[in-house]
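Enquirer: Data: entry.csv, CSV, C-alpha atoms.
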```
chain,number,residue,atom,x,y,z
A,152,MET,CA,-5.4,38.0,31.9
A,153,GLY,CA,-7.0,36.2,34.8
A,154,TRP,CA,-6.0,32.9,33.3
A,155,ILE,CA,-2.3,33.8,33.2
A,156,GLY,CA,-2.5,35.0,36.8
A,157,GLU,CA,-4.1,31.6,37.7
A,158,THR,CA,-1.4,29.7,35.9
A,159,VAL,CA,1.4,31.6,37.6
A,160,ASP,CA,-0.2,31.1,41.0
A,161,SER,CA,-0.6,27.3,40.5
A,162,ILE,CA,3.0,27.0,39.4
A,163,LYS,CA,4.1,28.8,42.6
A,164,SER,CA,2.0,26.6,44.8
A,165,ILE,CA,3.4,23.2,43.6
A,166,LYS,CA,4.2,20.7,46.3
A,167,ILE,CA,6.7,18.0,45.9
A,168,ARG,CA,4.3,15.1,46.5
A,169,GLN,CA,1.8,16.4,44.0
A,170,LEU,CA,4.6,16.9,41.4
A,171,LEU,CA,5.8,13.4,41.8
A,172,THR,CA,2.2,12.0,41.5
A,173,GLN,CA,1.8,13.9,38.3
A,174,ALA,CA,5.2,12.7,37.0
A,175,VAL,CA,4.1,9.1,37.7
A,176,THR,CA,0.8,9.6,35.9
A,177,LEU,CA,2.5,11.1,32.9
A,178,GLY,CA,4.9,8.2,32.9
A,179,MET,CA,2.0,5.8,33.0
A,180,ILE,CA,0.4,7.5,30.0
A,181,VAL,CA,3.5,7.4,28.0
A,182,THR,CA,4.2,3.7,28.8
A,183,SER,CA,0.6,2.7,27.9
A,184,ALA,CA,1.0,4.3,24.6
A,185,LEU,CA,4.3,2.4,24.1
A,186,ILE,CA,2.7,-0.9,25.1
A,187,ILE,CA,-0.2,-0.3,22.6
A,188,TRP,CA,2.3,0.5,19.9
A,189,LYS,CA,4.4,-2.7,20.6
A,190,ALA,CA,1.2,-4.8,20.7
A,191,LEU,CA,0.2,-3.5,17.3
A,192,MET,CA,3.6,-4.4,16.0
A,193,CYS,CA,3.1,-8.0,17.2
A,194,VAL,CA,-0.5,-8.3,15.9
A,195,THR,CA,0.3,-6.9,12.4
A,196,GLY,CA,3.7,-8.6,12.1
A,197,THR,CA,5.5,-5.6,10.9
A,198,GLU,CA,7.8,-3.0,12.5
A,199,SER,CA,5.7,-0.1,11.4
A,200,PRO,CA,2.0,-1.0,11.5
A,201,VAL,CA,1.1,2.5,10.2
A,202,VAL,CA,2.9,4.6,7.6
A,203,VAL,CA,2.3,8.0,6.1
A,204,VAL,CA,2.4,8.4,2.3
A,205,LEU,CA,5.1,11.0,1.6
A,206,SER,CA,5.2,11.2,-2.2
A,207,GLY,CA,2.8,11.4,-5.1
A,208,SER,CA,4.0,8.2,-6.9
A,209,MET,CA,0.8,6.3,-6.1
A,210,GLU,CA,-1.7,8.9,-7.1
A,211,PRO,CA,-4.6,9.1,-7.6
A,212,GLY,CA,-5.1,6.3,-5.2
A,213,PHE,CA,-2.9,7.4,-2.4
A,214,GLN,CA,-2.2,11.1,-1.9
A,215,ARG,CA,0.5,12.7,0.2
A,216,GLY,CA,-0.7,12.8,3.7
A,217,ASP,CA,-2.8,9.6,3.7
A,218,ILE,CA,-2.0,6.9,6.2
A,219,LEU,CA,-1.7,3.2,5.4
A,220,PHE,CA,-2.3,0.3,7.7
A,221,LEU,CA,0.2,-2.5,7.1
A,222,ARG,CA,0.3,-6.2,7.8
A,223,MET,CA,3.0,-8.8,7.2
A,224,THR,CA,2.3,-12.5,7.0
A,225,LYS,CA,4.2,-15.5,5.9
A,226,GLU,CA,2.3,-15.6,2.6
A,227,PRO,CA,4.6,-14.9,-0.3
A,228,ILE,CA,4.4,-11.6,-2.1
A,229,ARG,CA,2.2,-11.6,-5.2
A,230,THR,CA,1.8,-9.1,-8.0
A,231,GLY,CA,-0.7,-6.4,-7.4
A,232,GLU,CA,0.0,-6.2,-3.7
A,233,ILE,CA,1.0,-2.8,-2.4
A,234,VAL,CA,4.2,-3.2,-0.5
A,235,VAL,CA,6.2,-0.9,1.7
A,236,PHE,CA,10.0,-1.5,1.4
A,237,ASN,CA,13.3,-0.1,2.5
A,238,ILE,CA,16.3,0.2,0.2
A,239,ASP,CA,19.7,-0.5,1.8
A,240,GLY,CA,21.3,2.9,2.5
A,241,ARG,CA,18.0,4.9,2.5
A,242,ASP,CA,15.9,5.4,5.6
A,243,ILE,CA,12.6,6.5,4.1
A,244,PRO,CA,10.3,3.6,3.2
A,245,ILE,CA,8.7,3.5,-0.2
A,246,VAL,CA,5.1,2.5,-0.9
A,247,HIS,CA,4.7,1.0,-4.4
A,248,ARG,CA,3.0,-1.9,-6.1
A,249,ALA,CA,4.6,-5.3,-7.0
A,250,ILE,CA,4.4,-5.8,-10.8
A,251,GLU,CA,6.6,-8.8,-11.2
A,252,VAL,CA,7.2,-11.8,-8.9
A,253,HIS,CA,9.5,-14.9,-9.4
A,254,GLU,CA,9.3,-17.5,-6.7
A,255,ARG,CA,12.1,-20.1,-6.4
A,256,LYS,CA,11.0,-23.7,-6.3
A,257,THR,CA,13.8,-24.8,-4.0
A,258,THR,CA,13.8,-22.1,-1.3
A,259,GLY,CA,10.5,-20.4,-1.7
A,260,GLU,CA,12.4,-17.1,-1.9
A,261,VAL,CA,10.8,-14.4,-4.1
A,262,ASP,CA,12.3,-11.8,-6.5
A,263,VAL,CA,10.0,-8.8,-6.6
A,264,LEU,CA,10.0,-5.8,-9.0
A,265,THR,CA,7.9,-2.8,-8.0
A,266,LYS,CA,6.5,0.3,-9.6
A,267,GLY,CA,4.5,3.3,-8.4
A,268,ASP,CA,1.1,3.6,-10.1
A,269,ASN,CA,1.8,7.2,-11.1
A,270,ASN,CA,5.3,6.5,-12.4
A,271,ASP,CA,6.1,5.7,-16.0
A,272,VAL,CA,9.0,3.3,-15.2
A,273,ASP,CA,9.6,0.6,-12.7
A,274,ASP,CA,11.7,1.0,-9.6
A,275,ILE,CA,15.0,-0.5,-10.8
A,276,GLY,CA,16.4,3.1,-10.7
A,277,LEU,CA,15.5,3.3,-7.0
A,278,TYR,CA,17.1,0.1,-5.9
A,279,ALA,CA,20.7,0.0,-4.7
A,280,ASP,CA,23.5,-0.2,-7.4
A,281,GLY,CA,23.5,-3.6,-9.0
A,282,GLN,CA,20.2,-4.7,-7.3
A,283,MET,CA,17.7,-6.0,-9.7
A,284,TRP,CA,15.0,-7.4,-7.4
A,285,LEU,CA,13.5,-6.8,-4.0
A,286,HIS,CA,13.6,-9.7,-1.5
A,287,ARG,CA,11.5,-10.5,1.5
A,288,HIS,CA,13.9,-8.9,3.9
A,289,HIS,CA,13.5,-5.5,2.2
A,290,ILE,CA,9.8,-5.6,2.5
A,291,MET,CA,8.2,-4.2,5.7
A,292,GLY,CA,4.6,-5.0,5.1
A,293,ARG,CA,1.7,-5.0,2.7
A,294,ALA,CA,-0.9,-2.2,2.8
A,295,VAL,CA,-4.3,-3.5,3.8
A,296,GLY,CA,-6.2,-0.4,4.8
A,297,PHE,CA,-6.2,3.3,4.3
A,298,LEU,CA,-7.4,6.6,5.9
A,299,PRO,CA,-7.2,9.9,3.9
A,300,TYR,CA,-5.6,13.1,5.2
A,301,VAL,CA,-4.8,11.9,8.8
A,302,GLY,CA,-1.1,11.7,8.0
A,303,TRP,CA,-0.7,15.5,7.5
A,304,VAL,CA,-0.3,15.9,11.2
A,305,THR,CA,2.9,13.8,11.0
A,306,ILE,CA,4.2,15.5,7.9
A,307,ILE,CA,3.7,19.0,9.4
A,308,MET,CA,5.5,18.0,12.6
A,309,THR,CA,8.4,16.5,10.7
A,310,GLU,CA,8.8,19.4,8.2
A,311,LYS,CA,8.2,22.2,10.7
A,312,PRO,CA,9.6,20.9,14.0
A,313,ILE,CA,8.8,24.2,15.7
A,314,ILE,CA,5.2,23.1,15.8
A,315,LYS,CA,6.2,19.9,17.5
A,316,TYR,CA,8.0,21.8,20.2
A,317,ILE,CA,5.1,24.2,20.7
A,318,LEU,CA,2.7,21.3,21.0
A,319,ILE,CA,4.8,19.4,23.6
A,320,GLY,CA,5.5,22.6,25.5
A,321,ALA,CA,1.7,23.4,25.7
A,322,LEU,CA,0.9,19.8,26.8
A,323,GLY,CA,3.7,20.0,29.4
A,324,LEU,CA,2.2,23.2,30.8
A,325,LEU,CA,-1.2,21.7,30.8
A,326,VAL,CA,0.0,18.7,32.9
A,327,ILE,CA,1.9,20.8,35.4
A,328,THR,CA,-0.8,23.3,36.0
A,329,SER,CA,-3.8,20.9,36.2
A,330,LYS,CA,-5.2,20.4,39.7
A,331,ASP,CA,-5.7,16.7,39.4
B,299,MET,CA,-14.2,20.4,35.8
B,300,HIS,CA,-15.7,23.0,33.5
B,301,SER,CA,-12.5,24.8,32.6
B,302,LEU,CA,-11.5,25.5,29.0
B,303,ASP,CA,-8.9,22.7,29.0
B,304,TYR,CA,-11.3,20.0,30.1
B,305,ARG,CA,-13.9,21.0,27.6
B,306,ALA,CA,-11.4,21.3,24.7
B,307,ASN,CA,-10.0,17.9,25.7
B,308,ALA,CA,-13.5,16.2,25.9
B,309,LEU,CA,-14.5,17.8,22.5
B,310,LEU,CA,-11.3,16.5,20.9
B,311,ILE,CA,-11.7,13.0,22.1
B,312,PHE,CA,-15.3,12.8,21.1
B,313,SER,CA,-14.7,14.2,17.6
B,314,VAL,CA,-11.8,11.8,17.0
B,315,THR,CA,-13.8,8.8,18.1
B,316,ALA,CA,-16.8,9.9,16.0
B,317,LEU,CA,-14.6,10.4,13.0
B,318,ALA,CA,-13.0,7.0,13.4
B,319,PHE,CA,-16.5,5.4,13.6
B,320,ILE,CA,-17.7,7.2,10.5
B,321,CYS,CA,-14.6,6.0,8.6
B,322,ALA,CA,-15.1,2.4,9.7
B,323,ILE,CA,-18.8,2.2,8.6
B,324,PRO,CA,-18.5,2.5,4.8
B,325,SER,CA,-15.6,0.0,4.9
B,326,PHE,CA,-17.9,-2.4,6.8
B,327,SER,CA,-20.7,-1.9,4.3
B,328,ASP,CA,-18.4,-3.1,1.6
B,329,LYS,CA,-18.6,-6.6,2.9
B,330,PHE,CA,-22.3,-6.8,1.8
B,331,SER,CA,-21.9,-5.7,-1.7
B,332,ASN,CA,-22.7,-8.2,-4.4
B,333,GLN,CA,-19.9,-8.6,-6.9
B,334,ASN,CA,-19.8,-10.5,-10.2
B,335,PRO,CA,-17.1,-9.1,-12.5
B,336,SER,CA,-16.3,-10.8,-15.8
B,337,ALA,CA,-13.5,-10.7,-18.3
B,338,GLU,CA,-12.2,-12.3,-21.4
B,339,ILE,CA,-8.7,-12.0,-23.0
B,340,GLN,CA,-7.5,-13.0,-26.4
B,341,ILE,CA,-4.0,-12.9,-27.8
B,342,LEU,CA,-4.2,-11.2,-31.1
B,343,ASN,CA,-0.6,-11.5,-32.1
B,344,ILE,CA,2.8,-12.4,-30.9
B,345,ASN,CA,4.8,-9.5,-32.2
B,346,ARG,CA,8.3,-10.5,-31.2
B,347,PHE,CA,9.8,-13.5,-29.4
B,348,LYS,CA,13.5,-13.5,-29.0
B,349,LYS,CA,16.4,-14.1,-26.7
B,350,GLN,CA,18.1,-11.1,-25.4
B,351,SER,CA,21.9,-10.6,-25.4
B,352,TYR,CA,22.1,-11.6,-21.7
B,353,GLY,CA,20.2,-14.8,-22.4
B,354,ASN,CA,16.7,-14.0,-21.1
B,355,ASP,CA,13.7,-14.6,-23.3
B,356,GLU,CA,11.6,-11.6,-24.2
B,357,VAL,CA,8.1,-11.6,-25.7
B,358,SER,CA,6.0,-8.8,-27.1
B,359,LEU,CA,2.4,-9.5,-27.8
B,360,THR,CA,-0.9,-7.8,-28.6
B,361,LEU,CA,-3.9,-8.5,-26.3
B,362,ASP,CA,-7.6,-8.0,-26.8
B,363,ILE,CA,-9.0,-7.4,-23.3
B,364,THR,CA,-12.8,-7.3,-22.6
B,365,ALA,CA,-13.9,-6.7,-19.0
B,366,ASP,CA,-16.9,-5.7,-17.0
B,367,LEU,CA,-15.9,-4.6,-13.5
B,368,GLN,CA,-18.9,-2.3,-12.8
B,369,SER,CA,-20.2,-4.4,-10.0
B,370,LEU,CA,-17.0,-3.8,-8.0
B,371,PHE,CA,-17.9,-0.1,-7.4
B,372,THR,CA,-19.6,0.8,-4.2
B,373,TRP,CA,-20.2,4.2,-2.7
B,374,ASN,CA,-17.0,3.7,-0.8
B,375,THR,CA,-14.9,3.1,-3.9
B,376,LYS,CA,-12.2,5.6,-4.8
B,377,GLN,CA,-10.7,3.7,-7.8
B,378,VAL,CA,-10.1,0.2,-9.0
B,379,PHE,CA,-6.6,-0.8,-10.1
B,380,ALA,CA,-6.8,-3.6,-12.7
B,381,PHE,CA,-4.0,-5.4,-14.4
B,382,VAL,CA,-3.3,-8.4,-16.5
B,383,ALA,CA,-0.5,-10.7,-15.5
B,384,ALA,CA,1.0,-13.7,-17.3
B,385,GLU,CA,1.6,-16.6,-14.9
B,386,TYR,CA,3.7,-19.6,-15.6
B,387,GLU,CA,6.0,-22.1,-14.1
B,388,THR,CA,9.7,-22.8,-15.1
B,389,PRO,CA,12.2,-25.5,-14.0
B,390,LYS,CA,13.8,-23.0,-11.5
B,391,ASN,CA,10.8,-21.0,-10.4
B,392,SER,CA,7.5,-22.5,-9.0
B,393,LEU,CA,5.7,-19.3,-10.0
B,394,ASN,CA,6.4,-16.4,-12.3
B,395,GLN,CA,4.0,-13.5,-12.4
B,396,VAL,CA,4.7,-10.8,-15.0
B,397,SER,CA,2.4,-7.8,-15.2
B,398,LEU,CA,1.7,-7.0,-18.9
B,399,TRP,CA,-0.8,-4.2,-18.7
B,400,ASP,CA,-2.6,-2.2,-16.1
B,401,VAL,CA,-5.2,0.5,-15.8
B,402,ILE,CA,-6.6,2.8,-13.1
B,403,ILE,CA,-10.4,2.9,-13.3
B,404,PRO,CA,-11.7,6.0,-11.5
B,405,ASP,CA,-15.4,5.4,-11.7
B,406,LYS,CA,-18.2,3.0,-12.7
B,407,GLU,CA,-18.6,4.4,-16.2
B,408,HIS,CA,-15.1,3.4,-17.2
B,409,ALA,CA,-15.3,0.0,-15.6
B,410,LYS,CA,-16.8,-1.8,-18.7
B,411,PHE,CA,-14.4,-1.7,-21.5
B,412,ARG,CA,-12.7,-3.4,-24.4
B,413,ILE,CA,-9.2,-2.6,-25.4
B,414,GLN,CA,-6.6,-3.8,-27.9
B,415,THR,CA,-3.1,-3.1,-26.8
B,416,SER,CA,0.4,-4.4,-26.9
B,417,ASN,CA,1.9,-5.2,-23.5
B,418,LYS,CA,2.7,-2.0,-21.5
B,419,TYR,CA,5.5,-3.7,-19.5
B,420,ARG,CA,8.2,-5.9,-20.9
B,421,PHE,CA,7.6,-9.6,-20.6
B,422,ILE,CA,11.1,-10.9,-19.8
B,423,ASP,CA,11.8,-14.3,-18.3
B,424,GLN,CA,14.5,-15.2,-15.8
B,425,GLY,CA,16.2,-17.4,-18.2
B,426,HIS,CA,15.2,-18.8,-21.6
B,427,ASN,CA,12.3,-21.1,-20.7
B,428,LEU,CA,9.5,-19.5,-22.8
B,429,ARG,CA,9.6,-21.6,-26.0
B,430,GLY,CA,6.4,-23.6,-26.2
B,431,LYS,CA,5.5,-22.4,-22.7
B,432,GLU,CA,1.9,-22.7,-21.5
B,433,PHE,CA,0.7,-19.9,-19.3
B,434,ASN,CA,-2.4,-18.3,-17.7
B,435,LEU,CA,-3.5,-14.8,-18.2
B,436,THR,CA,-5.0,-13.5,-15.0
B,437,LEU,CA,-7.0,-10.3,-14.6
B,438,HIS,CA,-6.4,-9.0,-11.1
B,439,TRP,CA,-8.2,-6.1,-9.5
B,440,HIS,CA,-7.4,-4.1,-6.4
B,441,VAL,CA,-10.2,-1.9,-5.0
B,442,MET,CA,-9.0,1.2,-3.3
B,443,PRO,CA,-11.7,2.6,-0.9
B,444,LYS,CA,-12.4,6.1,0.1
B,445,THR,CA,-11.6,4.9,3.6
B,446,GLY,CA,-10.9,1.6,5.2
B,447,LYS,CA,-10.0,-1.9,4.1
B,448,MET,CA,-8.7,-2.6,0.6
B,449,PHE,CA,-9.6,-5.8,-1.1
B,450,ALA,CA,-8.5,-7.7,-4.2
B,451,ASP,CA,-9.4,-10.6,-6.3
B,452,LYS,CA,-8.8,-12.1,-9.7
B,453,ILE,CA,-10.0,-14.2,-12.6
B,454,VAL,CA,-7.7,-16.8,-13.9
B,455,MET,CA,-7.8,-17.7,-17.6
B,456,PRO,CA,-5.7,-20.7,-18.4
B,457,GLY,CA,-4.8,-22.2,-21.8
B,458,TYR,CA,-2.5,-19.7,-23.5
B,459,SER,CA,0.8,-20.7,-25.0
B,460,LEU,CA,3.8,-19.3,-26.7
B,461,PRO,CA,5.2,-20.6,-30.0
B,462,ASP,CA,7.9,-23.3,-30.0
B,463,ALA,CA,10.4,-21.2,-31.8
B,464,TYR,CA,11.7,-17.7,-31.7
B,465,LYS,CA,10.5,-15.3,-34.3
```
Written as structure tokens, how would this file's structure read?
Expert:
Amino acid sequence: MGWIGETVDSIKSIKIRQLLTQAVTLGMIVTSALIIWKALMCVTGTESPVVVVLSGSMEPGFQRGDILFLRMTKEPIRTGEIVVFNIDGRDIPIVHRAIEVHERKTTGEVDVLTKGDNNDVDDIGLYADGQMWLHRHHIMGRAVGFLPYVGWVTIIMTEKPIIKYILIGALGLLVITSKD
Amino acid sequence: MHSLDYRANALLIFSVTALAFICAIPSFSDKFSNQNPSAEIQILNINRFKKQSYGNDEVSLTLDITADLQSLFTWNTKQVFAFVAAEYETPKNSLNQVSLWDVIIPDKEHAKFRIQTSNKYRFIDQGHNLRGKEFNLTLHWHVMPKTGKMFADKIVMPGYSLPDAYK
């Protein structure tokens, strides 16, 4: 009970200058996080350096809720590599393995066919109508590293947004009522 | 300075840092493991070799695959994904890689094996270039760790070829 009284008191006693300082500090924290994220994008060469595994199509290697670290280099795609790709018209990226690669002599362009380890058939059914192969521009990156279970935080926040709001609300309260 | 919020915050930061460190260490230790895998592949039979209705060559073959991948397993290994790919060149493509067969090896005991199997995935060319074609059979393996960096390597076995005529 005393804690609630304390919180109410500190909200009542907020001064403008203190509020502004806290707003600037918060802004700095958010911008630093953004800078780090963009720097990671530059270093790894891909738009999403970290992805969460959402489906069971790569089990038992990758389970739902694991996170993958991605890198994208100029090296051409080769079979066996685990690639993360987007299909035109769908916004959820898919993480599967390349099982067939054909590289053109003239242009260096590659045709890639993928398949999830846990699926019985290749991904032709997943591609857009009439599409037989993936090309470089569909592929966001290759998976190079892996951490188990950490992605569950993101999955829970996406599937139950109420938790996201509660978390942000609590953080906001913490920032406003702290004496620093 | 000693309120609940500060203590909870400090505890959270410390535990996340410690966890990250613990996850990085086994991955780092993988660098020092001594690995010497071996493999041998024989083609037992070409079952079918024809040209499809849309003009692409298709081959069905039976392979005899012997491999010992036990040395790839460390305490940080979750599974090894191994596959055999046919690799060859055609007039239009500088490289074609077609995966013929794959397996998920969950532990060291299953990593030494001999198997006779027809190709799991269809061997279809982009075109009709396969008559008399010489190709390599490459055994690739991808090690998926319990945490950390994944690594991969392969053994290239050259010298295989397809018949000069369809059958």
Enquirer: What does the distance from CA of Asp239 in chain A to CA of Asp274 in chain A come to in Å, to one decimal?
Expert: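 For CA of Asp239 in chain A relative to CA of Asp274 in chain A, the distance reads 14.0 Å.
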Enquirer: I want to know what sits within 7 Å of range 381-383 of chain B, based on all atoms listed in the file, with residues of the same chain fewer than 4 positions away left out; could you give that as a PyMOL selection string?
Expert: chain B and resi 395-401+435-439
Enquirer: Which is closest to Ile307 in chain A among A:Gly216, A:Met192, A:Gly153, A:Glu198, if we use only C-alpha atoms?
Expert: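 Nearest candidate to Ile307 in chain A out of A:Gly216, A:Met192, A:Gly153, A:Glu198: A:Gly216.
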Enquirer: Residues of chain B within 6 Å of chain A, using only C-alpha atoms, as JSON, numbers by chain?
Expert: {"B": [390, 391, 392, 393, 394, 395, 396, 397, 445, 446, 447, 448]}
Enquirer: Excluding same-chain residues fewer than 4 positions from Tyr458 in chain B, what lies within 12 Å of it counting all atoms listed in the file, as a short mmCIF file (atom, residue, chain, number, x, y, z; two decimals) with C-alpha atoms, in the frame of the given file?
Expert:
```
data_model
loop_
_atom_site.label_atom_id
_atom_site.label_comp_id
_atom_site.auth_asym_id
_atom_site.auth_seq_id
_atom_site.Cartn_x
_atom_site.Cartn_y
_atom_site.Cartn_z
CA ILE B 339 -8.70 -12.00 -23.00
CA GLN B 340 -7.50 -13.00 -26.40
CA ILE B 341 -4.00 -12.90 -27.80
CA LEU B 342 -4.20 -11.20 -31.10
CA ILE B 344 2.80 -12.40 -30.90
CA LEU B 361 -3.90 -8.50 -26.30
CA ALA B 384 1.00 -13.70 -17.30
CA GLU B 385 1.60 -16.60 -14.90
CA TYR B 386 3.70 -19.60 -15.60
CA GLY B 430 6.40 -23.60 -26.20
CA LYS B 431 5.50 -22.40 -22.70
CA GLU B 432 1.90 -22.70 -21.50
CA PHE B 433 0.70 -19.90 -19.30
CA ASN B 434 -2.40 -18.30 -17.70
CA LEU B 435 -3.50 -14.80 -18.20
CA THR B 436 -5.00 -13.50 -15.00
CA VAL B 454 -7.70 -16.80 -13.90
#
```
